[in-house]
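**Q** Take a look at the following structure, please.
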Amino acid sequence: MSQENMTTSDPETTNTESDQLIDTDPGRGGLDESSGRGSVTSANTVIEARNVNVWYNDDQALNDIDMRIPKKQVTAMIGPSGCGKSTFLRCINRMNDLVDAARIEGELLFNGKNVYDSDVDPVALRRRIGMVFQHPNPFPKSIYDNVAYGLRLQGKTDNMDQRVEDALKSAALWDEVKDRLDESGTDLSGGQQQRLCIARAIAPDPEVLLMDEPASALDPVATSQVEDLIADLAEEYTVVIVTHNMQQAARISDKTAVFLTGGELVEFDDTQKIFENPESQRVEDYITGKFG
Amino acid sequence: MAAETQSDTDFGEVSQLKGILFEYLSLGASLLGILSLAALLVYVAVDAFGLEAADPLWFLIYFVTLVVPTLGFVGYGVKNRAVGTVGGTSLLYLLGGLAATLALSILFIIFDAQQWLLVYTVGVLPAALVFIYGRMKEWQQANLLTPIVFAVGSMLGVFLKGPLATFPQKWIIYLWTLGVPVAALLGSRALNRDGRDAAVATAVGTLAIAVAAALAGPALTGLNSDVTLLLGLFVGAPTLAYVARVVRTGHDGVAGLLMPVVIFGGMLLGAFVVQQVAVAQPESWVTWSYFTNPPSQLSAEEAGLFPAIVGSVFVITNVAIMTLALGVATSIYLEEYAASSGLLGKITRLIQVNISNLAGVPSVVYGLLGLALFINGLGLGLGIVLVASITLSLLILPIVIISSQEAIRSVPNELRQASYGMGATRWQTIRNVVLPQSLPGILTGTILALGRAIGETAPLLMIGAATTTFAPPTGYFDSVTVMPLQIYAWSSQPSDAFRYGVVAAGVVTLLIVLLTMNSVAILVRNKYQNES
């Protein structure tokens, strides 16, 4: 097994390993229910955090996070700036590995396997967990090549045209771009670019889709298009979305996690309960706009 | 008073005197630089082209036949952008083709055409085919196979040279090794734009023009059939293809095609009128024989720059290959791989500081290094192509590294994140995202650095390069001279004809080569910027 080999791994080896890399370990599923907040049962948990702590140099960004993210639902993470919600998102697919100063403790289980185990290849992990970023960042390549990027990386080059078309359809972009697939992805409008990035992320068919404030750089019309899309995507993918916008979380998510200053997960429950009847006074203050 | 008794409507005034002063000072400084450079160029040009000998009427004739129409056309092109674009592009096709012909002719003086034929046929062509096949069929292994095929085939080609006795004529070699790829390239571009028929017509037409030029050219121009083939291939065919495309698509700027006609027609008309009127012409030192003669020490009229031009082109080609490979590799390592924190980060920073310092080390010191390392240390010959190339490469390597690093650093981090987020390895991210994005910057920096290398004299003197050679180098272990060295040698000749005329002509030649290289840098940058 390759170990932490993102600098040396080549596509062939990581590709073959990725399928057997993260096995579901039935022995780990049976946790005591008291440790999980909210009502996620162990059976449909995809991602589980156990005592996750993250430091950037000496600053603690996440403080003892325990959380279970359910399968094929939209889980929103809300909270004020600097509360660690993006950091947590980036821990899931190990994007924080790219930050030299970041240090993580605790366990983060994906299908029951700790992704920070030494035998997990972060590159292979990221091929199963797609990511969409805050600012639309299509590659300065054609629309087709943008969507095909992940497919080519993973060697899924059979039926390429069909796969690209399917991904663009799933991202509700196909009708707008089907006649100009060879134009540059950067020539699209902001909202189209973000949907292109979503198409790019789902083209290789990941299990989980991480979204880091995907609508914060978009205008209201584009935002609502992306929101509709997220609701559709949840039928096939597990979606974890970080957002600044509480109304957005209320509109699109099934579960909501509220992070507050200091990197604490204060409350995690059904979205409806969080917004109507939160248990914590701090969460209520935040949701009703008393601070944040 | 005003400031003390401000009413509600009187806002007072804020002094902008310092700012205005600074603005005009900066303007003056820029003008001073540009004007002194222009004065120098005029001074050199007067000597090089022997303009002092010309009758004022001569200037008037060319002013009327060449300068006025050209300026008028340029003015029209500036107002009517489409015409200007077409005019500029058609000129570029002509001049670019001419530059390519010259560069290839010089390179084939150095490199054996027969050897190239074999290496191309069994190494380069199969590798290119594998690569293209891999691109079209999305066949990933092609990326791995291409360099293997290239290396094995090239070696095979080198060994084949011995047993084979007969070779085709030079122009047939050119037709096969250069004509076919150029035809395929032009054809594939036509395929993307206008479809299959146009592609076939373009490819076949290109080959036909090349063959016609090789067969009919020598009788018409007095040049060798291989040179006329190159002219047909690089000047004739692309220009004709461009003209055909502009005419057929009904481009708004179709009038721009007259730009080259105006310029070259103006030259011919001017020459004709001058001949008819019989005014005194300039006694130019920049003549055709100046480019083709060896450097006579006795007669200024027969002196030529030929071996030095070939030497410069040979050395610069080697330097370009070496610095691009080493410089890009180093800058990628420093920017993308090297640790930025901890003990290793400190070492990286130390290396970084050292590279910056090396960029400022005087060139003569590099000459000394070359002398000590390659000649005294490794026992290589004095002043040979290999040592000259490596020494100049070391000289500009720090500059190439620093400019490449800047280019790589300017690639937005968001694109890297996007690539990593898709599950790309570091190498895949570099190859698919970082390098394509930073290539224009890397090439611009490298070509500007090469401009410095081509003008260097001191380090080459230190490694014992001859100031004058009478034959161009034909291999890596031949002794070489370059243009600035030859110019320096002439400048110490006693006769005025050498010190003013021949030297000035050499300077003009050197400047033309430099300006051409810089123009290529700008064109390459613009092309890639437009694409991304």
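Scheme for the structure tokens: letters A, B, ... for chains in order shown; per-chain residue numbers from 1; ligand numbers from 1 in order shown.
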Hey, what does DSSP flag as alpha helix (DSSP H) within segment 113-206 of chain B? Can you give it to me as a ChimeraX atom specification?

**A** /B:113-119,125-137,142-160,170-174,180-194,196-206

**Q** Take the selection from the previous step and output its residues with C-alpha atoms, as a PDB file, in the first residue's frame.

**A**
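That gives us part02.pdb:
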```pdb
ATOM      1  CA  ALA B 113      20.898  16.385 -43.045  1.00  0.00           C
ATOM      2  CA  GLN B 114      21.307  12.669 -43.768  1.00  0.00           C
ATOM      3  CA  GLN B 115      21.620  11.888 -40.074  1.00  0.00           C
ATOM      4  CA  TRP B 116      18.509  13.977 -39.440  1.00  0.00           C
ATOM      5  CA  LEU B 117      16.645  12.026 -42.122  1.00  0.00           C
ATOM      6  CA  LEU B 118      17.312   8.736 -40.316  1.00  0.00           C
ATOM      7  CA  VAL B 119      16.602  10.069 -36.804  1.00  0.00           C
ATOM      8  CA  LEU B 125       7.971  10.515 -36.711  1.00  0.00           C
ATOM      9  CA  PRO B 126       6.899   7.281 -34.933  1.00  0.00           C
ATOM     10  CA  ALA B 127       6.981   9.074 -31.570  1.00  0.00           C
ATOM     11  CA  ALA B 128       4.822  11.889 -32.957  1.00  0.00           C
ATOM     12  CA  LEU B 129       2.362   9.377 -34.400  1.00  0.00           C
ATOM     13  CA  VAL B 130       2.102   7.524 -31.080  1.00  0.00           C
ATOM     14  CA  PHE B 131       1.532  10.821 -29.291  1.00  0.00           C
ATOM     15  CA  ILE B 132      -1.180  11.969 -31.709  1.00  0.00           C
ATOM     16  CA  TYR B 133      -2.870   8.568 -31.593  1.00  0.00           C
ATOM     17  CA  GLY B 134      -2.881   8.726 -27.789  1.00  0.00           C
ATOM     18  CA  ARG B 135      -4.457  12.183 -27.875  1.00  0.00           C
ATOM     19  CA  MET B 136      -7.184  11.197 -30.309  1.00  0.00           C
ATOM     20  CA  LYS B 137      -8.117   7.895 -28.693  1.00  0.00           C
ATOM     21  CA  ALA B 142       0.819   6.973 -25.101  1.00  0.00           C
ATOM     22  CA  ASN B 143       2.319   9.557 -22.758  1.00  0.00           C
ATOM     23  CA  LEU B 144       4.709   6.935 -21.456  1.00  0.00           C
ATOM     24  CA  LEU B 145       5.351   5.294 -24.803  1.00  0.00           C
ATOM     25  CA  THR B 146       6.157   8.485 -26.737  1.00  0.00           C
ATOM     26  CA  PRO B 147       9.541   9.253 -25.114  1.00  0.00           C
ATOM     27  CA  ILE B 148      10.548   5.574 -25.271  1.00  0.00           C
ATOM     28  CA  VAL B 149       9.799   5.340 -28.985  1.00  0.00           C
ATOM     29  CA  PHE B 150      11.608   8.625 -29.521  1.00  0.00           C
ATOM     30  CA  ALA B 151      14.749   7.572 -27.628  1.00  0.00           C
ATOM     31  CA  VAL B 152      14.993   4.070 -29.096  1.00  0.00           C
ATOM     32  CA  GLY B 153      14.229   5.257 -32.627  1.00  0.00           C
ATOM     33  CA  SER B 154      16.702   8.128 -32.468  1.00  0.00           C
ATOM     34  CA  MET B 155      19.498   5.827 -31.325  1.00  0.00           C
ATOM     35  CA  LEU B 156      18.610   3.366 -34.043  1.00  0.00           C
ATOM     36  CA  GLY B 157      18.754   6.216 -36.533  1.00  0.00           C
ATOM     37  CA  VAL B 158      22.253   7.188 -35.390  1.00  0.00           C
ATOM     38  CA  PHE B 159      23.490   3.606 -35.816  1.00  0.00           C
ATOM     39  CA  LEU B 160      21.817   3.230 -39.213  1.00  0.00           C
ATOM     40  CA  LYS B 170      18.916  17.346 -49.813  1.00  0.00           C
ATOM     41  CA  TRP B 171      15.675  18.903 -51.004  1.00  0.00           C
ATOM     42  CA  ILE B 172      13.933  15.529 -50.975  1.00  0.00           C
ATOM     43  CA  ILE B 173      15.108  15.013 -47.407  1.00  0.00           C
ATOM     44  CA  TYR B 174      13.659  18.411 -46.494  1.00  0.00           C
ATOM     45  CA  VAL B 180       5.175  16.541 -44.676  1.00  0.00           C
ATOM     46  CA  PRO B 181       4.850  17.724 -41.041  1.00  0.00           C
ATOM     47  CA  VAL B 182       4.218  21.340 -42.100  1.00  0.00           C
ATOM     48  CA  ALA B 183       1.595  20.144 -44.606  1.00  0.00           C
ATOM     49  CA  ALA B 184      -0.034  18.002 -41.902  1.00  0.00           C
ATOM     50  CA  LEU B 185       0.003  20.918 -39.466  1.00  0.00           C
ATOM     51  CA  LEU B 186      -1.531  23.391 -41.915  1.00  0.00           C
ATOM     52  CA  GLY B 187      -4.016  20.723 -43.002  1.00  0.00           C
ATOM     53  CA  SER B 188      -5.132  19.960 -39.442  1.00  0.00           C
ATOM     54  CA  ARG B 189      -5.653  23.665 -38.786  1.00  0.00           C
ATOM     55  CA  ALA B 190      -7.779  23.895 -41.918  1.00  0.00           C
ATOM     56  CA  LEU B 191      -9.672  20.792 -40.759  1.00  0.00           C
ATOM     57  CA  ASN B 192     -10.688  22.502 -37.528  1.00  0.00           C
ATOM     58  CA  ARG B 193     -11.742  25.676 -39.300  1.00  0.00           C
ATOM     59  CA  ASP B 194     -13.196  24.674 -42.648  1.00  0.00           C
ATOM     60  CA  ARG B 196     -12.203  17.963 -44.614  1.00  0.00           C
ATOM     61  CA  ASP B 197     -12.017  19.253 -48.199  1.00  0.00           C
ATOM     62  CA  ALA B 198     -10.152  22.392 -47.207  1.00  0.00           C
ATOM     63  CA  ALA B 199      -7.757  20.301 -45.123  1.00  0.00           C
ATOM     64  CA  VAL B 200      -6.856  17.990 -48.007  1.00  0.00           C
ATOM     65  CA  ALA B 201      -6.518  20.939 -50.376  1.00  0.00           C
ATOM     66  CA  THR B 202      -4.233  22.757 -47.933  1.00  0.00           C
ATOM     67  CA  ALA B 203      -1.994  19.763 -47.287  1.00  0.00           C
ATOM     68  CA  VAL B 204      -1.650  18.794 -50.937  1.00  0.00           C
ATOM     69  CA  GLY B 205      -1.229  22.437 -51.944  1.00  0.00           C
ATOM     70  CA  THR B 206       1.552  22.923 -49.406  1.00  0.00           C
TER      71      THR B 206
END
```

**Q** Give me the residues within 6 Å of Glu107 of chain A as a list in words, counting only C-alpha atoms and dropping any in the same chain fewer than 4 places off.

**A** Ala49, Arg50 and Asn114 of chain A

**Q** As a ChimeraX atom specification, could you give me every residue of chain B near chain A (at most 9 Å apart, counting only C-alpha atoms)?

**A** /B:137-140,337,339-341,414-415,417-428,432-433,437,531-532

**Q** Emit the selected residues as a compact mmCIF listing (two decimals), in the first residue's frame, including C-alpha atoms.

**A**
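Contents of the output file again.txt:
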```txt
# COMPACT_ATOMS: atom_id res chain seq x y z
CA LYS B 137 -8.12 7.89 -28.69
CA GLU B 138 -7.71 9.05 -25.08
CA TRP B 139 -5.09 6.34 -24.72
CA GLN B 140 -3.16 7.21 -21.55
CA TYR B 337 7.73 20.54 -4.26
CA ALA B 339 9.18 22.46 1.71
CA SER B 340 8.35 25.97 2.83
CA SER B 341 8.63 25.48 6.58
CA GLU B 414 -7.53 28.14 -6.72
CA LEU B 415 -6.68 26.18 -9.87
CA GLN B 417 -6.82 23.43 -5.26
CA ALA B 418 -9.38 22.48 -7.90
CA SER B 419 -6.98 19.97 -9.39
CA TYR B 420 -6.02 18.44 -6.04
CA GLY B 421 -9.67 18.36 -5.06
CA MET B 422 -10.37 16.26 -8.15
CA GLY B 423 -7.89 13.68 -6.92
CA ALA B 424 -4.94 14.72 -9.03
CA THR B 425 -1.45 13.87 -7.89
CA ARG B 426 1.05 16.67 -7.58
CA TRP B 427 2.64 15.75 -10.90
CA GLN B 428 -0.74 15.63 -12.67
CA ASN B 432 -2.24 19.70 -16.55
CA VAL B 433 -2.73 22.99 -14.74
CA GLN B 437 -0.83 28.32 -17.33
CA GLU B 531 -5.95 31.01 -25.66
CA SER B 532 -6.41 30.94 -21.92
```

**Q** Among the residues of segment 179-267 of chain A, find those DSSP assigns to strand (DSSP E or B) from the backbone and print them as a tab-separated table (two decimals) with N, CA and C atoms, in the first residue's frame.

**A**
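Here's the written file selection-v4.tsv:
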```tsv
chain	number	residue	atom	x	y	z
A	184	SER	N	-13.89	28.02	-23.97
A	184	SER	CA	-13.21	27.98	-22.68
A	184	SER	C	-14.21	28.06	-21.54
A	208	VAL	N	-19.27	11.27	-2.09
A	208	VAL	CA	-19.62	12.44	-1.28
A	208	VAL	C	-19.23	13.68	-2.06
A	209	LEU	N	-20.04	14.73	-1.91
A	209	LEU	CA	-19.74	15.99	-2.56
A	209	LEU	C	-19.60	17.05	-1.46
A	210	LEU	N	-18.39	17.60	-1.35
A	210	LEU	CA	-18.17	18.66	-0.35
A	210	LEU	C	-18.30	20.00	-1.05
A	211	MET	N	-19.05	20.91	-0.43
A	211	MET	CA	-19.21	22.22	-1.06
A	211	MET	C	-18.88	23.31	-0.06
A	212	ASP	N	-17.90	24.13	-0.41
A	212	ASP	CA	-17.42	25.17	0.49
A	212	ASP	C	-18.03	26.51	0.06
A	238	THR	N	-24.09	12.06	-1.24
A	238	THR	CA	-24.10	12.67	0.07
A	238	THR	C	-23.49	14.05	-0.09
A	239	VAL	N	-24.24	15.09	0.27
A	239	VAL	CA	-23.75	16.44	0.08
A	239	VAL	C	-23.47	17.08	1.43
A	240	VAL	N	-22.26	17.60	1.59
A	240	VAL	CA	-21.92	18.35	2.79
A	240	VAL	C	-21.62	19.77	2.34
A	241	ILE	N	-22.36	20.74	2.86
A	241	ILE	CA	-22.22	22.09	2.36
A	241	ILE	C	-21.95	23.06	3.50
A	242	VAL	N	-20.95	23.88	3.31
A	242	VAL	CA	-20.66	24.95	4.26
A	242	VAL	C	-21.32	26.20	3.73
A	255	LYS	N	-29.96	18.12	7.46
A	255	LYS	CA	-29.35	18.23	8.79
A	255	LYS	C	-28.56	19.53	8.81
A	256	THR	N	-28.45	20.12	9.98
A	256	THR	CA	-27.65	21.33	10.10
A	256	THR	C	-26.74	21.20	11.30
A	257	ALA	N	-25.47	21.57	11.10
A	257	ALA	CA	-24.52	21.61	12.19
A	257	ALA	C	-24.16	23.07	12.42
A	258	VAL	N	-24.24	23.51	13.66
A	258	VAL	CA	-23.91	24.90	13.98
A	258	VAL	C	-22.55	24.92	14.67
A	259	PHE	N	-21.58	25.55	14.03
A	259	PHE	CA	-20.26	25.76	14.62
A	259	PHE	C	-20.25	27.16	15.19
A	260	LEU	N	-19.69	27.33	16.37
A	260	LEU	CA	-19.55	28.69	16.89
A	260	LEU	C	-18.10	28.95	17.22
A	264	GLU	N	-15.99	25.07	17.92
A	264	GLU	CA	-16.83	24.08	18.59
A	264	GLU	C	-18.06	23.76	17.77
A	265	LEU	N	-18.41	22.49	17.75
A	265	LEU	CA	-19.70	22.11	17.17
A	265	LEU	C	-20.71	22.20	18.30
A	266	VAL	N	-21.57	23.21	18.24
A	266	VAL	CA	-22.47	23.44	19.37
A	266	VAL	C	-23.72	22.58	19.26
A	267	GLU	N	-24.26	22.49	18.05
A	267	GLU	CA	-25.47	21.69	17.94
A	267	GLU	C	-25.55	21.09	16.55
```

**Q** Here is a test: counting only C-alpha atoms, which residue of B:Leu231, B:Ile351, B:Ile401, B:Ala271 is nearest to Leu95 of chain B?

**A**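 Using only C-alpha atoms, the shortest distance to Leu95 of chain B belongs to B:Leu231.
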
**Q** List as a list in words the protein and nucleic acid residues near Ala325 of chain B, meaning an atom at most 12 Å away when only C-alpha atoms are counted, but skip any in the same chain fewer than 3 places from it.

**A**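 Non-adjacent residues within range: Asn318, Val319, Ala320, Ile321, Met322, Val328, Ala329, Thr330, Ser331, Ile332, Ser393, Leu397, Val400, Ile401, Ser404, Ile442, Leu443 and Thr446 of chain B.
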
**Q** For N, CA, C and O atoms, I'd like the residues from the last selection saved as a short mmCIF file (atom, residue, chain, number, x, y, z; two decimals), in the first residue's frame.

**A**
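As a result, part.cif now contains:
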```cif
data_model
loop_
_atom_site.label_atom_id
_atom_site.label_comp_id
_atom_site.auth_asym_id
_atom_site.auth_seq_id
_atom_site.Cartn_x
_atom_site.Cartn_y
_atom_site.Cartn_z
N ASN B 318 21.67 25.61 -28.33
CA ASN B 318 22.05 24.72 -27.23
C ASN B 318 21.69 25.33 -25.89
O ASN B 318 21.18 24.65 -25.00
N VAL B 319 22.00 26.63 -25.75
CA VAL B 319 21.72 27.31 -24.47
C VAL B 319 20.21 27.26 -24.19
O VAL B 319 19.79 27.01 -23.06
N ALA B 320 19.41 27.49 -25.24
CA ALA B 320 17.96 27.50 -25.04
C ALA B 320 17.49 26.15 -24.53
O ALA B 320 16.71 26.07 -23.57
N ILE B 321 17.98 25.07 -25.17
CA ILE B 321 17.53 23.74 -24.75
C ILE B 321 17.96 23.46 -23.31
O ILE B 321 17.16 23.03 -22.46
N MET B 322 19.23 23.76 -23.00
CA MET B 322 19.74 23.45 -21.66
C MET B 322 19.05 24.28 -20.59
O MET B 322 18.63 23.75 -19.55
N VAL B 328 13.36 25.24 -15.95
CA VAL B 328 11.96 24.93 -15.65
C VAL B 328 11.90 23.85 -14.57
O VAL B 328 11.10 23.95 -13.63
N ALA B 329 12.76 22.85 -14.68
CA ALA B 329 12.77 21.79 -13.66
C ALA B 329 13.06 22.39 -12.29
O ALA B 329 12.37 22.10 -11.31
N THR B 330 14.08 23.24 -12.21
CA THR B 330 14.46 23.83 -10.92
C THR B 330 13.33 24.68 -10.36
O THR B 330 12.98 24.59 -9.18
N SER B 331 12.73 25.50 -11.24
CA SER B 331 11.71 26.41 -10.72
C SER B 331 10.48 25.63 -10.28
O SER B 331 9.86 25.97 -9.27
N ILE B 332 10.13 24.57 -11.00
CA ILE B 332 9.00 23.75 -10.57
C ILE B 332 9.31 23.13 -9.21
O ILE B 332 8.47 23.13 -8.30
N SER B 393 24.93 28.91 -20.59
CA SER B 393 23.73 28.38 -19.92
C SER B 393 23.79 28.67 -18.43
O SER B 393 22.82 29.11 -17.83
N LEU B 397 21.10 30.82 -16.39
CA LEU B 397 20.22 29.90 -15.66
C LEU B 397 19.50 30.57 -14.48
O LEU B 397 18.29 30.41 -14.33
N VAL B 400 16.65 32.63 -15.76
CA VAL B 400 15.55 31.79 -16.24
C VAL B 400 14.79 31.21 -15.05
O VAL B 400 13.55 31.19 -15.04
N ILE B 401 15.52 30.76 -14.04
CA ILE B 401 14.86 30.16 -12.87
C ILE B 401 13.96 31.19 -12.19
O ILE B 401 12.79 30.93 -11.89
N SER B 404 10.93 32.02 -14.34
CA SER B 404 10.00 30.90 -14.38
C SER B 404 9.26 30.76 -13.05
O SER B 404 8.07 30.45 -13.02
N ILE B 442 7.05 31.67 -18.66
CA ILE B 442 8.34 30.97 -18.69
C ILE B 442 9.06 31.26 -20.01
O ILE B 442 10.25 31.58 -20.03
N LEU B 443 8.32 31.17 -21.12
CA LEU B 443 8.95 31.38 -22.42
C LEU B 443 9.41 32.83 -22.57
O LEU B 443 10.51 33.08 -23.08
N THR B 446 12.55 33.26 -20.56
CA THR B 446 13.67 32.54 -21.13
C THR B 446 14.21 33.24 -22.37
O THR B 446 15.42 33.39 -22.53
#
```

**Q** Mind checking which residues fall within 12 Å of Phe268 of chain A, counting only C-alpha atoms, ignoring those fewer than 3 positions away in the same chain, and posting them as a compact mmCIF listing (two decimals) with N, CA and C atoms, in the first residue's frame?

**A**
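New file result.txt:
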```
# COMPACT_ATOMS: atom_id res chain seq x y z
N SER A 35 -22.88 9.09 21.91
CA SER A 35 -21.80 9.97 21.48
C SER A 35 -22.17 10.78 20.24
N GLY A 36 -23.08 10.25 19.44
CA GLY A 36 -23.44 10.99 18.24
C GLY A 36 -24.53 11.99 18.54
N ARG A 37 -24.30 13.22 18.10
CA ARG A 37 -25.35 14.21 18.27
C ARG A 37 -26.34 14.04 17.14
N GLY A 38 -27.51 14.49 17.32
CA GLY A 38 -28.53 14.36 16.29
C GLY A 38 -29.00 12.93 16.24
N SER A 39 -29.80 12.63 15.25
CA SER A 39 -30.42 11.33 15.22
C SER A 39 -29.93 10.51 14.04
N VAL A 40 -28.61 10.57 13.75
CA VAL A 40 -28.08 9.78 12.67
C VAL A 40 -27.74 8.40 13.20
N ILE A 65 -14.47 17.79 17.75
CA ILE A 65 -15.69 17.64 16.95
C ILE A 65 -16.12 16.17 16.93
N ASP A 66 -17.37 15.93 17.30
CA ASP A 66 -17.98 14.61 17.13
C ASP A 66 -19.18 14.79 16.23
N MET A 67 -19.27 14.02 15.17
CA MET A 67 -20.34 14.30 14.23
C MET A 67 -20.52 13.09 13.31
N ARG A 68 -21.77 12.84 12.94
CA ARG A 68 -22.04 11.77 11.97
C ARG A 68 -22.82 12.34 10.81
N ILE A 69 -22.29 12.19 9.63
CA ILE A 69 -22.95 12.76 8.45
C ILE A 69 -23.67 11.64 7.70
N PRO A 70 -25.00 11.78 7.52
CA PRO A 70 -25.79 10.69 6.94
C PRO A 70 -25.68 10.62 5.43
N THR A 75 -26.21 17.85 4.31
CA THR A 75 -25.84 18.30 5.64
C THR A 75 -25.21 19.67 5.52
N ALA A 76 -25.81 20.66 6.20
CA ALA A 76 -25.27 22.01 6.12
C ALA A 76 -24.47 22.31 7.36
N MET A 77 -23.40 23.09 7.18
CA MET A 77 -22.63 23.53 8.33
C MET A 77 -22.65 25.05 8.33
N ILE A 78 -23.20 25.63 9.40
CA ILE A 78 -23.28 27.08 9.44
C ILE A 78 -22.54 27.59 10.66
N GLY A 79 -22.30 28.88 10.67
CA GLY A 79 -21.59 29.47 11.79
C GLY A 79 -20.90 30.74 11.33
N ASP A 254 -31.02 18.85 5.04
CA ASP A 254 -31.78 17.95 5.89
C ASP A 254 -31.29 18.02 7.33
N LYS A 255 -29.96 18.12 7.46
CA LYS A 255 -29.35 18.23 8.79
C LYS A 255 -28.56 19.53 8.81
N THR A 256 -28.45 20.12 9.98
CA THR A 256 -27.65 21.33 10.10
C THR A 256 -26.74 21.20 11.30
N ALA A 257 -25.47 21.57 11.10
CA ALA A 257 -24.52 21.61 12.19
C ALA A 257 -24.16 23.07 12.42
N VAL A 258 -24.24 23.51 13.66
CA VAL A 258 -23.91 24.90 13.98
C VAL A 258 -22.55 24.92 14.67
N PHE A 259 -21.58 25.55 14.03
CA PHE A 259 -20.26 25.76 14.62
C PHE A 259 -20.25 27.16 15.19
N LEU A 260 -19.69 27.33 16.37
CA LEU A 260 -19.55 28.69 16.89
C LEU A 260 -18.10 28.95 17.22
N GLU A 264 -15.99 25.07 17.92
CA GLU A 264 -16.83 24.08 18.59
C GLU A 264 -18.06 23.76 17.77
N LEU A 265 -18.41 22.49 17.75
CA LEU A 265 -19.70 22.11 17.17
C LEU A 265 -20.71 22.20 18.30
N THR A 271 -32.51 19.91 10.40
CA THR A 271 -32.52 21.34 10.11
C THR A 271 -33.73 22.02 10.73
N GLN A 272 -34.88 21.34 10.61
CA GLN A 272 -36.10 21.94 11.12
C GLN A 272 -35.99 22.22 12.62
N LYS A 273 -35.43 21.25 13.35
CA LYS A 273 -35.32 21.41 14.79
C LYS A 273 -34.36 22.54 15.14
N ILE A 274 -33.23 22.60 14.42
CA ILE A 274 -32.24 23.64 14.69
C ILE A 274 -32.87 25.02 14.52
N PHE A 275 -33.65 25.18 13.46
CA PHE A 275 -34.16 26.52 13.18
C PHE A 275 -35.43 26.85 13.97
N PRO A 278 -33.99 25.17 18.77
CA PRO A 278 -32.64 24.73 19.12
C PRO A 278 -32.51 24.51 20.62
N GLU A 279 -31.65 23.56 20.97
CA GLU A 279 -31.49 23.27 22.38
C GLU A 279 -30.60 24.29 23.07
N SER A 280 -29.57 24.72 22.36
CA SER A 280 -28.60 25.62 22.99
C SER A 280 -29.03 27.08 22.84
N VAL A 283 -26.99 28.87 20.16
CA VAL A 283 -27.45 28.62 18.80
C VAL A 283 -28.67 29.47 18.49
```

**Q** Pro398 of chain B: which residues within 12 Å, counting only C-alpha atoms, same-chain residues fewer than 4 positions away excluded, as a CSV table (one decimal) with C-alpha atoms, in the first residue's frame?

**A**
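So part.csv came out as:
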```csv
chain,number,residue,atom,x,y,z
B,323,THR,CA,18.3,26.4,-19.8
B,324,LEU,CA,14.7,25.6,-20.5
B,326,LEU,CA,17.2,22.9,-16.2
B,327,GLY,CA,15.5,26.2,-15.4
B,328,VAL,CA,12.0,24.9,-15.7
B,330,THR,CA,14.5,23.8,-10.9
B,331,SER,CA,11.7,26.4,-10.7
B,351,ILE,CA,19.0,28.2,-2.1
B,352,GLN,CA,16.6,30.9,-3.2
B,353,VAL,CA,18.8,33.7,-1.9
B,354,ASN,CA,21.8,32.1,-3.6
B,355,ILE,CA,20.0,31.9,-7.0
B,356,SER,CA,19.1,35.6,-6.7
B,357,ASN,CA,22.7,36.4,-5.9
B,358,LEU,CA,24.0,34.3,-8.8
B,359,ALA,CA,21.8,36.3,-11.2
B,360,GLY,CA,23.8,39.4,-10.3
B,361,VAL,CA,27.3,37.8,-10.6
B,366,TYR,CA,31.1,32.7,-15.1
B,392,LEU,CA,26.4,30.7,-21.2
B,393,SER,CA,23.7,28.4,-19.9
B,394,LEU,CA,25.1,28.7,-16.4
B,402,ILE,CA,13.7,33.4,-11.3
B,403,SER,CA,11.4,34.4,-14.1
B,404,SER,CA,10.0,30.9,-14.4
B,405,GLN,CA,9.3,30.9,-10.7
B,445,GLY,CA,11.5,35.1,-19.4
B,446,THR,CA,13.7,32.5,-21.1
B,449,ALA,CA,17.5,35.8,-20.9
B,450,LEU,CA,18.6,34.3,-24.2
```

**Q** Give me the residues near Gln493 of chain B as a list in words, where near means some atom within 12 Å (using only C-alpha atoms) and where sequence neighbours in that chain fewer than 2 positions away do not count.

**A**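 Counting only the stated atoms, we get Ser296, Gln297, Leu298, Ser299, Ala300, Gln486, Ile487, Tyr488, Ala489, Trp490, Ser491, Ser495, Asp496, Ala497, Phe498, Arg499, Tyr500, Gly501, Val502 and Val503 of chain B.
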
**Q** For the selection you just gave me, I'd like the residues written to a file as a short mmCIF file (atom, residue, chain, number, x, y, z; two decimals), in the first residue's frame, keeping C-alpha atoms.

**A**
```cif
data_model
loop_
_atom_site.label_atom_id
_atom_site.label_comp_id
_atom_site.auth_asym_id
_atom_site.auth_seq_id
_atom_site.Cartn_x
_atom_site.Cartn_y
_atom_site.Cartn_z
CA SER B 296 38.43 38.78 -44.04
CA GLN B 297 41.03 40.71 -42.02
CA LEU B 298 42.46 42.45 -45.04
CA SER B 299 39.61 43.80 -47.10
CA ALA B 300 36.70 45.44 -45.41
CA GLN B 486 33.76 39.04 -34.12
CA ILE B 487 32.53 42.62 -33.81
CA TYR B 488 34.98 43.17 -30.97
CA ALA B 489 37.82 41.79 -33.12
CA TRP B 490 36.98 44.15 -35.98
CA SER B 491 36.78 47.13 -33.66
CA SER B 495 41.44 50.87 -40.83
CA ASP B 496 38.44 53.14 -40.56
CA ALA B 497 36.42 50.98 -42.94
CA PHE B 498 36.57 48.15 -40.38
CA ARG B 499 36.13 50.23 -37.27
CA TYR B 500 33.10 52.11 -38.52
CA GLY B 501 31.45 50.34 -41.43
CA VAL B 502 31.97 46.65 -40.75
CA VAL B 503 31.55 46.96 -36.98
#
```
